[in-house]
file protein_4.txt (compact mmCIF, N, CA and C atoms)
# COMPACT_ATOMS: atom_id res chain seq x y z
N ALA L 15 9.19 7.03 25.19
CA ALA L 15 9.68 6.69 23.86
C ALA L 15 10.83 7.61 23.45
N GLN L 16 10.69 8.88 23.75
CA GLN L 16 11.75 9.82 23.35
C GLN L 16 13.01 9.61 24.18
N GLY L 17 12.86 9.29 25.45
CA GLY L 17 14.02 9.04 26.31
C GLY L 17 14.79 7.82 25.85
N ILE L 18 14.08 6.76 25.54
CA ILE L 18 14.73 5.54 25.05
C ILE L 18 15.45 5.84 23.74
N SER L 19 14.79 6.57 22.86
CA SER L 19 15.40 6.92 21.58
C SER L 19 16.66 7.75 21.78
N ALA L 20 16.62 8.70 22.71
CA ALA L 20 17.79 9.54 22.98
C ALA L 20 18.97 8.69 23.45
N ILE L 21 18.71 7.77 24.39
CA ILE L 21 19.78 6.92 24.91
C ILE L 21 20.33 6.02 23.80
N GLU L 22 19.45 5.44 23.00
CA GLU L 22 19.91 4.59 21.89
C GLU L 22 20.85 5.37 20.98
N ASN L 23 20.51 6.60 20.66
CA ASN L 23 21.36 7.42 19.80
C ASN L 23 22.66 7.80 20.50
N ILE L 24 22.61 8.06 21.80
CA ILE L 24 23.82 8.41 22.55
C ILE L 24 24.83 7.26 22.52
N VAL L 25 24.33 6.02 22.64
CA VAL L 25 25.24 4.88 22.67
C VAL L 25 25.56 4.35 21.27
N GLY L 26 25.16 5.08 20.25
CA GLY L 26 25.55 4.74 18.89
C GLY L 26 24.61 3.83 18.13
N ARG L 27 23.43 3.56 18.68
CA ARG L 27 22.44 2.75 17.96
C ARG L 27 21.37 3.70 17.43
N GLU L 28 21.44 3.98 16.14
CA GLU L 28 20.53 4.96 15.54
C GLU L 28 19.07 4.55 15.74
N HIS L 29 18.28 5.50 16.22
CA HIS L 29 16.86 5.24 16.46
C HIS L 29 16.08 6.53 16.27
N ALA L 30 14.93 6.44 15.63
CA ALA L 30 14.03 7.59 15.48
C ALA L 30 12.65 7.18 15.96
N VAL L 31 12.00 8.07 16.69
CA VAL L 31 10.65 7.81 17.20
C VAL L 31 9.65 8.01 16.07
N ASN L 32 8.78 7.02 15.87
CA ASN L 32 7.68 7.14 14.92
C ASN L 32 6.49 7.72 15.70
N HIS L 33 6.30 9.01 15.61
CA HIS L 33 5.25 9.67 16.39
C HIS L 33 3.85 9.20 16.00
N ASP L 34 3.68 8.72 14.77
CA ASP L 34 2.38 8.20 14.36
C ASP L 34 2.00 6.93 15.11
N ALA L 35 2.99 6.23 15.67
CA ALA L 35 2.73 4.96 16.33
C ALA L 35 2.60 5.09 17.85
N ILE L 36 2.61 6.30 18.37
CA ILE L 36 2.48 6.50 19.81
C ILE L 36 1.00 6.65 20.17
N PRO L 37 0.48 5.73 20.98
CA PRO L 37 -0.94 5.80 21.34
C PRO L 37 -1.21 6.88 22.38
N ALA L 38 -2.45 7.33 22.39
CA ALA L 38 -2.90 8.29 23.39
C ALA L 38 -4.26 7.83 23.91
N ALA L 39 -4.55 8.14 25.17
CA ALA L 39 -5.83 7.74 25.76
C ALA L 39 -6.34 8.80 26.71
N CYS L 40 -7.65 8.91 26.76
CA CYS L 40 -8.34 9.77 27.73
C CYS L 40 -9.17 8.85 28.61
N PHE L 41 -8.92 8.91 29.90
CA PHE L 41 -9.61 8.02 30.83
C PHE L 41 -10.91 8.64 31.31
N THR L 42 -11.78 8.85 30.34
CA THR L 42 -13.11 9.40 30.58
C THR L 42 -14.10 8.23 30.58
N HIS L 43 -15.36 8.54 30.65
CA HIS L 43 -16.37 7.49 30.52
C HIS L 43 -17.34 7.90 29.43
N PRO L 44 -17.31 7.24 28.29
CA PRO L 44 -16.45 6.13 27.94
C PRO L 44 -15.02 6.59 27.63
N GLU L 45 -14.10 5.64 27.65
CA GLU L 45 -12.70 5.96 27.33
C GLU L 45 -12.57 6.31 25.85
N ILE L 46 -11.55 7.11 25.55
CA ILE L 46 -11.22 7.48 24.18
C ILE L 46 -9.74 7.17 23.98
N ALA L 47 -9.41 6.55 22.86
CA ALA L 47 -8.01 6.26 22.57
C ALA L 47 -7.76 6.41 21.08
N MET L 48 -6.53 6.75 20.75
CA MET L 48 -6.19 6.90 19.33
C MET L 48 -4.71 6.65 19.11
N VAL L 49 -4.40 6.31 17.88
CA VAL L 49 -3.02 6.22 17.43
C VAL L 49 -3.04 6.73 15.99
N GLY L 50 -2.00 7.46 15.62
CA GLY L 50 -1.92 8.02 14.28
C GLY L 50 -2.64 9.36 14.18
N PRO L 51 -2.71 9.88 12.96
CA PRO L 51 -3.32 11.19 12.76
C PRO L 51 -4.84 11.17 12.91
N THR L 52 -5.43 12.35 13.03
CA THR L 52 -6.88 12.47 13.01
C THR L 52 -7.36 12.12 11.60
N GLU L 53 -8.65 11.93 11.44
CA GLU L 53 -9.17 11.62 10.11
C GLU L 53 -8.89 12.77 9.14
N GLU L 54 -9.06 14.00 9.61
CA GLU L 54 -8.81 15.17 8.75
C GLU L 54 -7.34 15.21 8.31
N GLN L 55 -6.43 14.94 9.25
CA GLN L 55 -5.00 14.91 8.92
C GLN L 55 -4.68 13.78 7.95
N ALA L 56 -5.32 12.63 8.13
CA ALA L 56 -5.09 11.49 7.24
C ALA L 56 -5.58 11.79 5.83
N ILE L 57 -6.72 12.48 5.73
CA ILE L 57 -7.24 12.88 4.41
C ILE L 57 -6.25 13.80 3.72
N GLU L 58 -5.75 14.78 4.45
CA GLU L 58 -4.76 15.71 3.89
C GLU L 58 -3.49 14.98 3.46
N ARG L 59 -3.02 14.06 4.29
CA ARG L 59 -1.80 13.31 3.98
C ARG L 59 -1.99 12.46 2.72
N ALA L 60 -3.14 11.80 2.62
CA ALA L 60 -3.42 10.96 1.45
C ALA L 60 -3.45 11.80 0.17
N GLU L 61 -4.10 12.96 0.25
CA GLU L 61 -4.17 13.83 -0.92
C GLU L 61 -2.79 14.34 -1.31
N LYS L 62 -2.00 14.74 -0.31
CA LYS L 62 -0.66 15.28 -0.56
C LYS L 62 0.28 14.21 -1.13
N GLU L 63 0.18 12.98 -0.60
CA GLU L 63 1.10 11.90 -0.98
C GLU L 63 0.57 11.04 -2.14
N GLY L 64 -0.69 11.27 -2.54
CA GLY L 64 -1.23 10.57 -3.70
C GLY L 64 -1.70 9.15 -3.48
N TRP L 65 -2.27 8.87 -2.32
CA TRP L 65 -2.84 7.55 -2.10
C TRP L 65 -4.28 7.70 -1.62
N THR L 66 -5.03 6.61 -1.66
CA THR L 66 -6.45 6.63 -1.31
C THR L 66 -6.64 6.17 0.13
N LEU L 67 -7.39 6.97 0.90
CA LEU L 67 -7.66 6.64 2.30
C LEU L 67 -8.90 5.78 2.39
N GLY L 68 -8.79 4.69 3.13
CA GLY L 68 -9.94 3.84 3.41
C GLY L 68 -10.36 3.99 4.86
N LYS L 69 -11.61 3.70 5.13
CA LYS L 69 -12.13 3.80 6.50
C LYS L 69 -13.08 2.63 6.75
N SER L 70 -12.94 2.01 7.91
CA SER L 70 -13.81 0.92 8.30
C SER L 70 -14.09 1.05 9.79
N THR L 71 -15.26 0.62 10.22
CA THR L 71 -15.63 0.76 11.63
C THR L 71 -16.10 -0.57 12.22
N GLY L 72 -15.98 -0.65 13.53
CA GLY L 72 -16.53 -1.76 14.30
C GLY L 72 -17.33 -1.16 15.45
N SER L 73 -18.37 -1.86 15.87
CA SER L 73 -19.27 -1.31 16.89
C SER L 73 -19.26 -2.13 18.17
N PHE L 74 -19.34 -1.43 19.29
CA PHE L 74 -19.46 -2.10 20.58
C PHE L 74 -20.88 -2.64 20.77
N ARG L 75 -21.85 -2.11 20.07
CA ARG L 75 -23.25 -2.50 20.30
C ARG L 75 -23.54 -3.93 19.86
N ALA L 76 -22.66 -4.51 19.03
CA ALA L 76 -22.85 -5.90 18.62
C ALA L 76 -21.86 -6.83 19.31
N ASN L 77 -21.14 -6.32 20.30
CA ASN L 77 -20.10 -7.09 20.97
C ASN L 77 -20.65 -7.66 22.28
N SER L 78 -20.62 -8.99 22.40
CA SER L 78 -21.24 -9.64 23.56
C SER L 78 -20.58 -9.25 24.88
N LYS L 79 -19.27 -9.06 24.90
CA LYS L 79 -18.59 -8.66 26.15
C LYS L 79 -19.02 -7.25 26.55
N ALA L 80 -19.09 -6.33 25.60
CA ALA L 80 -19.52 -4.96 25.90
C ALA L 80 -20.97 -4.97 26.41
N LEU L 81 -21.81 -5.76 25.79
CA LEU L 81 -23.21 -5.82 26.21
C LEU L 81 -23.34 -6.43 27.61
N ALA L 82 -22.51 -7.43 27.91
CA ALA L 82 -22.53 -8.04 29.25
C ALA L 82 -22.11 -7.03 30.31
N GLU L 83 -21.25 -6.09 29.93
CA GLU L 83 -20.79 -5.04 30.84
C GLU L 83 -21.74 -3.83 30.84
N LEU L 84 -22.83 -3.92 30.08
CA LEU L 84 -23.78 -2.82 29.90
C LEU L 84 -23.09 -1.57 29.32
N GLU L 85 -22.17 -1.82 28.39
CA GLU L 85 -21.37 -0.75 27.77
C GLU L 85 -21.39 -0.88 26.25
N GLY L 86 -22.57 -0.98 25.68
CA GLY L 86 -22.71 -1.18 24.24
C GLY L 86 -22.49 0.06 23.39
N ASN L 87 -22.36 1.22 24.02
CA ASN L 87 -22.11 2.43 23.24
C ASN L 87 -20.63 2.54 22.92
N GLY L 88 -20.31 2.79 21.68
CA GLY L 88 -18.92 2.99 21.30
C GLY L 88 -18.62 2.41 19.94
N MET L 89 -17.45 2.78 19.42
CA MET L 89 -17.04 2.30 18.12
C MET L 89 -15.54 2.43 17.95
N ALA L 90 -15.04 1.68 16.98
CA ALA L 90 -13.63 1.77 16.59
C ALA L 90 -13.61 2.12 15.11
N LYS L 91 -12.74 3.04 14.74
CA LYS L 91 -12.59 3.46 13.35
C LYS L 91 -11.16 3.21 12.92
N VAL L 92 -10.99 2.47 11.85
CA VAL L 92 -9.67 2.17 11.30
C VAL L 92 -9.51 2.95 9.99
N LEU L 93 -8.45 3.74 9.92
CA LEU L 93 -8.10 4.45 8.69
C LEU L 93 -6.89 3.75 8.10
N TYR L 94 -6.93 3.48 6.80
CA TYR L 94 -5.85 2.71 6.19
C TYR L 94 -5.59 3.18 4.76
N ASN L 95 -4.42 2.88 4.28
CA ASN L 95 -4.03 3.20 2.92
C ASN L 95 -4.61 2.11 2.02
N LYS L 96 -5.57 2.46 1.16
CA LYS L 96 -6.22 1.47 0.31
C LYS L 96 -5.25 0.85 -0.70
N ASP L 97 -4.21 1.58 -1.05
CA ASP L 97 -3.26 1.08 -2.04
C ASP L 97 -2.34 0.00 -1.46
N THR L 98 -1.93 0.17 -0.20
CA THR L 98 -1.00 -0.78 0.43
C THR L 98 -1.66 -1.64 1.50
N GLY L 99 -2.79 -1.19 2.03
CA GLY L 99 -3.46 -1.88 3.12
C GLY L 99 -2.93 -1.51 4.49
N LYS L 100 -1.86 -0.71 4.56
CA LYS L 100 -1.25 -0.38 5.86
C LYS L 100 -2.19 0.47 6.72
N VAL L 101 -2.23 0.14 8.00
CA VAL L 101 -3.03 0.91 8.96
C VAL L 101 -2.34 2.26 9.18
N VAL L 102 -3.12 3.33 9.03
CA VAL L 102 -2.62 4.69 9.19
C VAL L 102 -2.97 5.23 10.57
N ALA L 103 -4.21 4.95 11.02
CA ALA L 103 -4.69 5.47 12.30
C ALA L 103 -5.86 4.63 12.78
N VAL L 104 -6.07 4.65 14.10
CA VAL L 104 -7.24 4.00 14.69
C VAL L 104 -7.75 4.90 15.81
N HIS L 105 -9.06 5.11 15.84
CA HIS L 105 -9.70 5.90 16.88
C HIS L 105 -10.77 5.03 17.53
N ILE L 106 -10.75 4.97 18.85
CA ILE L 106 -11.69 4.13 19.59
C ILE L 106 -12.36 4.96 20.67
N ILE L 107 -13.67 4.81 20.77
CA ILE L 107 -14.39 5.36 21.92
C ILE L 107 -15.27 4.23 22.46
N GLY L 108 -15.07 3.91 23.74
CA GLY L 108 -15.83 2.83 24.33
C GLY L 108 -15.08 2.22 25.51
N ILE L 109 -15.71 1.24 26.13
CA ILE L 109 -15.14 0.60 27.30
C ILE L 109 -13.75 0.03 26.97
N HIS L 110 -12.79 0.31 27.82
CA HIS L 110 -11.41 -0.19 27.71
C HIS L 110 -10.71 0.20 26.40
N ALA L 111 -11.08 1.34 25.84
CA ALA L 111 -10.42 1.81 24.61
C ALA L 111 -8.92 1.95 24.81
N ALA L 112 -8.52 2.39 25.99
CA ALA L 112 -7.09 2.59 26.27
C ALA L 112 -6.32 1.27 26.22
N ASP L 113 -6.96 0.17 26.54
CA ASP L 113 -6.32 -1.15 26.45
C ASP L 113 -6.31 -1.66 25.00
N LEU L 114 -7.40 -1.42 24.31
CA LEU L 114 -7.55 -1.92 22.95
C LEU L 114 -6.61 -1.25 21.95
N ILE L 115 -6.21 -0.02 22.21
CA ILE L 115 -5.41 0.73 21.25
C ILE L 115 -4.02 0.13 21.04
N GLN L 116 -3.53 -0.66 21.99
CA GLN L 116 -2.16 -1.17 21.88
C GLN L 116 -1.95 -2.03 20.64
N GLU L 117 -2.91 -2.91 20.34
CA GLU L 117 -2.79 -3.73 19.13
C GLU L 117 -2.65 -2.84 17.90
N CYS L 118 -3.37 -1.74 17.89
CA CYS L 118 -3.36 -0.83 16.76
C CYS L 118 -2.06 -0.05 16.68
N SER L 119 -1.53 0.35 17.82
CA SER L 119 -0.24 1.03 17.86
C SER L 119 0.85 0.13 17.31
N ASN L 120 0.82 -1.13 17.70
CA ASN L 120 1.79 -2.10 17.19
C ASN L 120 1.64 -2.27 15.68
N ALA L 121 0.40 -2.27 15.19
CA ALA L 121 0.16 -2.43 13.75
C ALA L 121 0.72 -1.24 12.98
N VAL L 122 0.52 -0.02 13.50
CA VAL L 122 1.05 1.16 12.84
C VAL L 122 2.58 1.11 12.84
N ALA L 123 3.16 0.76 13.97
CA ALA L 123 4.63 0.72 14.09
C ALA L 123 5.24 -0.33 13.17
N ALA L 124 4.58 -1.45 13.01
CA ALA L 124 5.13 -2.56 12.22
C ALA L 124 4.75 -2.49 10.75
N GLY L 125 3.86 -1.56 10.39
CA GLY L 125 3.42 -1.49 9.00
C GLY L 125 2.49 -2.63 8.63
N THR L 126 1.76 -3.14 9.59
CA THR L 126 0.85 -4.25 9.37
C THR L 126 -0.33 -3.80 8.53
N THR L 127 -0.81 -4.67 7.66
CA THR L 127 -1.92 -4.31 6.78
C THR L 127 -3.26 -4.80 7.34
N VAL L 128 -4.34 -4.20 6.84
CA VAL L 128 -5.67 -4.65 7.25
C VAL L 128 -5.91 -6.07 6.74
N GLN L 129 -5.28 -6.43 5.63
CA GLN L 129 -5.41 -7.80 5.13
C GLN L 129 -4.82 -8.78 6.15
N GLU L 130 -3.65 -8.46 6.68
CA GLU L 130 -3.02 -9.33 7.68
C GLU L 130 -3.83 -9.36 8.97
N LEU L 131 -4.25 -8.20 9.44
CA LEU L 131 -5.01 -8.12 10.69
C LEU L 131 -6.36 -8.83 10.59
N SER L 132 -6.98 -8.79 9.41
CA SER L 132 -8.29 -9.41 9.23
C SER L 132 -8.23 -10.93 9.36
N MET L 133 -7.05 -11.50 9.17
CA MET L 133 -6.91 -12.95 9.26
C MET L 133 -6.31 -13.42 10.59
N MET L 134 -6.04 -12.48 11.49
CA MET L 134 -5.52 -12.84 12.82
C MET L 134 -6.69 -13.16 13.74
N VAL L 135 -6.50 -14.14 14.59
CA VAL L 135 -7.56 -14.55 15.51
C VAL L 135 -7.65 -13.58 16.66
N HIS L 136 -8.84 -13.12 16.96
CA HIS L 136 -9.12 -12.26 18.10
C HIS L 136 -9.95 -13.09 19.09
N THR L 137 -9.55 -13.08 20.34
CA THR L 137 -10.18 -13.90 21.37
C THR L 137 -11.68 -13.65 21.44
N HIS L 138 -12.44 -14.74 21.58
CA HIS L 138 -13.90 -14.64 21.70
C HIS L 138 -14.31 -15.20 23.05
N PRO L 139 -15.18 -14.56 23.76
CA PRO L 139 -15.81 -13.26 23.49
C PRO L 139 -15.05 -12.16 24.24
N THR L 140 -14.44 -11.27 23.52
CA THR L 140 -13.73 -10.14 24.14
C THR L 140 -13.99 -8.86 23.37
N LEU L 141 -13.59 -7.77 23.97
CA LEU L 141 -13.77 -6.46 23.35
C LEU L 141 -12.94 -6.28 22.09
N CYS L 142 -11.83 -7.02 21.98
CA CYS L 142 -10.98 -6.86 20.80
C CYS L 142 -11.68 -7.29 19.52
N GLU L 143 -12.80 -7.97 19.64
CA GLU L 143 -13.57 -8.33 18.45
C GLU L 143 -14.17 -7.10 17.76
N VAL L 144 -14.26 -5.99 18.47
CA VAL L 144 -14.69 -4.73 17.84
C VAL L 144 -13.66 -4.34 16.79
N LEU L 145 -12.38 -4.49 17.10
CA LEU L 145 -11.32 -4.21 16.13
C LEU L 145 -11.35 -5.23 15.01
N ASP L 146 -11.56 -6.49 15.34
CA ASP L 146 -11.64 -7.54 14.33
C ASP L 146 -12.72 -7.21 13.30
N GLU L 147 -13.86 -6.73 13.78
CA GLU L 147 -14.95 -6.33 12.88
C GLU L 147 -14.50 -5.23 11.92
N ALA L 148 -13.76 -4.24 12.45
CA ALA L 148 -13.29 -3.14 11.61
C ALA L 148 -12.23 -3.61 10.60
N PHE L 149 -11.30 -4.45 11.05
CA PHE L 149 -10.27 -4.97 10.15
C PHE L 149 -10.89 -5.79 9.03
N LYS L 150 -11.83 -6.65 9.38
CA LYS L 150 -12.49 -7.48 8.37
C LYS L 150 -13.32 -6.63 7.42
N GLY L 151 -14.00 -5.63 7.95
CA GLY L 151 -14.78 -4.74 7.10
C GLY L 151 -13.95 -4.02 6.06
N ALA L 152 -12.70 -3.73 6.41
CA ALA L 152 -11.80 -3.03 5.49
C ALA L 152 -11.48 -3.85 4.25
N VAL L 153 -11.58 -5.17 4.38
CA VAL L 153 -11.25 -6.03 3.23
C VAL L 153 -12.50 -6.74 2.70
N GLY L 154 -13.68 -6.25 3.09
CA GLY L 154 -14.91 -6.79 2.55
C GLY L 154 -15.39 -8.08 3.19
N MET L 155 -14.87 -8.38 4.38
CA MET L 155 -15.30 -9.58 5.10
C MET L 155 -16.24 -9.19 6.22
N SER L 156 -16.93 -10.15 6.76
CA SER L 156 -17.81 -9.94 7.90
C SER L 156 -17.28 -10.72 9.09
N ALA L 157 -17.37 -10.10 10.27
CA ALA L 157 -16.90 -10.78 11.49
C ALA L 157 -17.99 -11.70 12.06
N HIS L 158 -19.20 -11.52 11.60
CA HIS L 158 -20.32 -12.29 12.20
C HIS L 158 -20.93 -13.24 11.18
call {"tool": "encode", "arguments": {"input": "protein_4.txt", "output": "structure tokens"}}
result
Amino acid sequence: AQGISAIENIVGREHAVNHDAIPAACFTHPEIAMVGPTEEQAIERAEKEGWTLGKSTGSFRANSKALAELEGNGMAKVLYNKDTGKVVAVHIIGIHAADLIQECSNAVAAGTTVQELSMMVHTHPTLCEVLDEAFKGAVGMSAH
């Protein structure tokens, strides 16, 4: 990301890297992935900037694909700005977390809201429904 940004700026196309939108993953068992600040950092940012932090979770234990893989342990946590609905950060621990984080990275980069994400179709039966559960929970909906 930084190399592409450097070249863009060299050739006269202004570009800045949004470090909050860069995903990270640990290929452990279970996998861990995140995008955006930690929950503690998000709390501090919300207090400093004067907005309310929301949190919603989705569980792998209710996901049929995870259960079929015998990988029901895990969860996804979505942190969002309650005032605007914009996704601030997502933390995932569970099977294929490193793959699942990409949707969240794109949401952070694009300024997508939990309201918008909650109405997007997530393939059934797949692991991405764990995120769907968290997005819907953020707006008071149920995925099941």
call {"tool": "atom_distance", "arguments": {"input": "protein_4.txt", "atom1": "atom C of Thr42 (chain L)", "atom2": "atom C of Ala111 (chain L)"}}
result
10.0 Å
call {"tool": "atom_distance", "arguments": {"input": "protein_4.txt", "atom1": "atom N of Glu117 (chain L)", "atom2": "atom N of Cys142 (chain L)"}}
result
10.0 Å
call {"tool": "residues_around", "arguments": {"input": "protein_4.txt", "residues": "region 120-133 of chain L", "least_positions_apart": "4", "cutoff": "8 Å", "atoms": "all atoms listed in the file", "output": "PyMOL selection string"}}
result
chain L and resi 32+34-37+49-50+94-95+98-103+115-116+145-153
call {"tool": "select_by_dssp", "arguments": {"input": "protein_4.txt", "residues": "region 25-155 of chain L", "states": "alpha helix (DSSP H)", "output": "PyMOL selection string"}}
result
chain L and resi 53-63+78-82+111-124+128-132+143-152
call {"tool": "closest_residue", "arguments": {"input": "protein_4.txt", "among": "L:Ile21, L:Ala30, L:Leu84, L:Val92", "to": "Thr71 (chain L)", "atoms": "all atoms listed in the file"}}
result
L:Val92
call {"tool": "select_by_dssp", "arguments": {"input": "protein_4.txt", "residues": "chain L", "states": "strand (DSSP E or B)", "output": "MDAnalysis selection string"}}
result
chainID L and resid 38:40 46:49 67:73 89:95 100:107 127
call {"tool": "atom_distance", "arguments": {"input": "protein_4.txt", "atom1": "atom C of Val144 (chain L)", "atom2": "CA of Gly72 (chain L)"}}
result
4.6 Å
call {"tool": "closest_atom_pairs", "arguments": {"input": "protein_4.txt", "of": "region 36-96 of chain L", "to": "region 137-140 of chain L", "cutoff": "7 Å", "atoms": "only N, CA and C atoms", "output": "tab-separated table"}}
result
residue	atom	partner	partner_atom	distance
L:Asn77	CA	L:Thr140	C	6.8
L:Ser78	C	L:Pro139	C	6.3
L:Lys79	N	L:Pro139	C	5.3
L:Ala80	N	L:Thr140	C	6.1
call {"tool": "closest_residue", "arguments": {"input": "protein_4.txt", "among": "L:Ile109, L:Ala90, L:Ala38, L:Val31", "to": "Ala15 (chain L)", "atoms": "all atoms listed in the file"}}
result
L:Val31
call {"tool": "residues_around", "arguments": {"input": "protein_4.txt", "residues": "Met89 (chain L)", "least_positions_apart": "5", "cutoff": "7 Å", "atoms": "only N, CA and C atoms", "output": "list in words"}}
result
Thr71, Gly72, Ser73, Phe74, Arg75, His105, Ile106, Ile107 and Gly108 of chain L
call {"tool": "write_last_selection", "arguments": {"input": "protein_4.txt", "atoms": "N, CA and C atoms", "output": "PDB file, in the coordinates of the input"}}
result
ATOM      1  N   THR L  71     -15.260   0.620  10.220  1.00  0.00           N
ATOM      2  CA  THR L  71     -15.630   0.760  11.630  1.00  0.00           C
ATOM      3  C   THR L  71     -16.100  -0.570  12.220  1.00  0.00           C
ATOM      4  N   GLY L  72     -15.980  -0.650  13.530  1.00  0.00           N
ATOM      5  CA  GLY L  72     -16.530  -1.760  14.300  1.00  0.00           C
ATOM      6  C   GLY L  72     -17.330  -1.160  15.450  1.00  0.00           C
ATOM      7  N   SER L  73     -18.370  -1.860  15.870  1.00  0.00           N
ATOM      8  CA  SER L  73     -19.270  -1.310  16.890  1.00  0.00           C
ATOM      9  C   SER L  73     -19.260  -2.130  18.170  1.00  0.00           C
ATOM     10  N   PHE L  74     -19.340  -1.430  19.290  1.00  0.00           N
ATOM     11  CA  PHE L  74     -19.460  -2.100  20.580  1.00  0.00           C
ATOM     12  C   PHE L  74     -20.880  -2.640  20.770  1.00  0.00           C
ATOM     13  N   ARG L  75     -21.850  -2.110  20.070  1.00  0.00           N
ATOM     14  CA  ARG L  75     -23.250  -2.500  20.300  1.00  0.00           C
ATOM     15  C   ARG L  75     -23.540  -3.930  19.860  1.00  0.00           C
ATOM     16  N   HIS L 105      -9.060   5.110  15.840  1.00  0.00           N
ATOM     17  CA  HIS L 105      -9.700   5.900  16.880  1.00  0.00           C
ATOM     18  C   HIS L 105     -10.770   5.030  17.530  1.00  0.00           C
ATOM     19  N   ILE L 106     -10.750   4.970  18.850  1.00  0.00           N
ATOM     20  CA  ILE L 106     -11.690   4.130  19.590  1.00  0.00           C
ATOM     21  C   ILE L 106     -12.360   4.960  20.670  1.00  0.00           C
ATOM     22  N   ILE L 107     -13.670   4.810  20.770  1.00  0.00           N
ATOM     23  CA  ILE L 107     -14.390   5.360  21.920  1.00  0.00           C
ATOM     24  C   ILE L 107     -15.270   4.230  22.460  1.00  0.00           C
ATOM     25  N   GLY L 108     -15.070   3.910  23.740  1.00  0.00           N
ATOM     26  CA  GLY L 108     -15.830   2.830  24.330  1.00  0.00           C
ATOM     27  C   GLY L 108     -15.080   2.220  25.510  1.00  0.00           C
TER      28      GLY L 108
END
call {"tool": "residues_around", "arguments": {"input": "protein_4.txt", "residues": "His110 (chain L)", "least_positions_apart": "6", "cutoff": "8 Å", "atoms": "only N, CA and C atoms", "output": "NGL selection string"}}
result
:L and (44-47 or 141)
call {"tool": "build_atoms", "arguments": {"input": "protein_4.txt", "residues": "region 152-157 of chain L", "atoms": "all heavy atoms", "output": "CSV table (one decimal), keeping the file's coordinate frame"}}
result
chain,number,residue,atom,x,y,z
L,152,ALA,N,-12.7,-3.7,6.4
L,152,ALA,CA,-11.8,-3.0,5.5
L,152,ALA,C,-11.5,-3.8,4.2
L,152,ALA,O,-11.2,-3.3,3.2
L,152,ALA,CB,-10.5,-2.7,6.2
L,153,VAL,N,-11.6,-5.2,4.4
L,153,VAL,CA,-11.2,-6.0,3.2
L,153,VAL,C,-12.5,-6.7,2.7
L,153,VAL,O,-12.4,-7.7,2.0
L,153,VAL,CB,-10.1,-7.1,3.6
L,153,VAL,CG1,-8.8,-6.4,3.9
L,153,VAL,CG2,-10.6,-8.0,4.7
L,154,GLY,N,-13.7,-6.2,3.1
L,154,GLY,CA,-14.9,-6.8,2.6
L,154,GLY,C,-15.4,-8.1,3.2
L,154,GLY,O,-16.2,-8.8,2.6
L,155,MET,N,-14.9,-8.4,4.4
L,155,MET,CA,-15.3,-9.6,5.1
L,155,MET,C,-16.2,-9.2,6.2
L,155,MET,O,-16.3,-8.0,6.6
L,155,MET,CB,-14.1,-10.3,5.7
L,155,MET,CG,-13.1,-10.8,4.7
L,155,MET,SD,-11.6,-11.4,5.5
L,155,MET,CE,-12.2,-12.8,6.5
L,156,SER,N,-16.9,-10.2,6.8
L,156,SER,CA,-17.8,-9.9,7.9
L,156,SER,C,-17.3,-10.7,9.1
L,156,SER,O,-16.8,-11.8,8.9
L,156,SER,CB,-19.2,-10.4,7.6
L,156,SER,OG,-20.1,-10.3,8.7
L,157,ALA,N,-17.4,-10.1,10.3
L,157,ALA,CA,-16.9,-10.8,11.5
L,157,ALA,C,-18.0,-11.7,12.1
L,157,ALA,O,-17.7,-12.5,12.9
L,157,ALA,CB,-16.5,-9.7,12.5
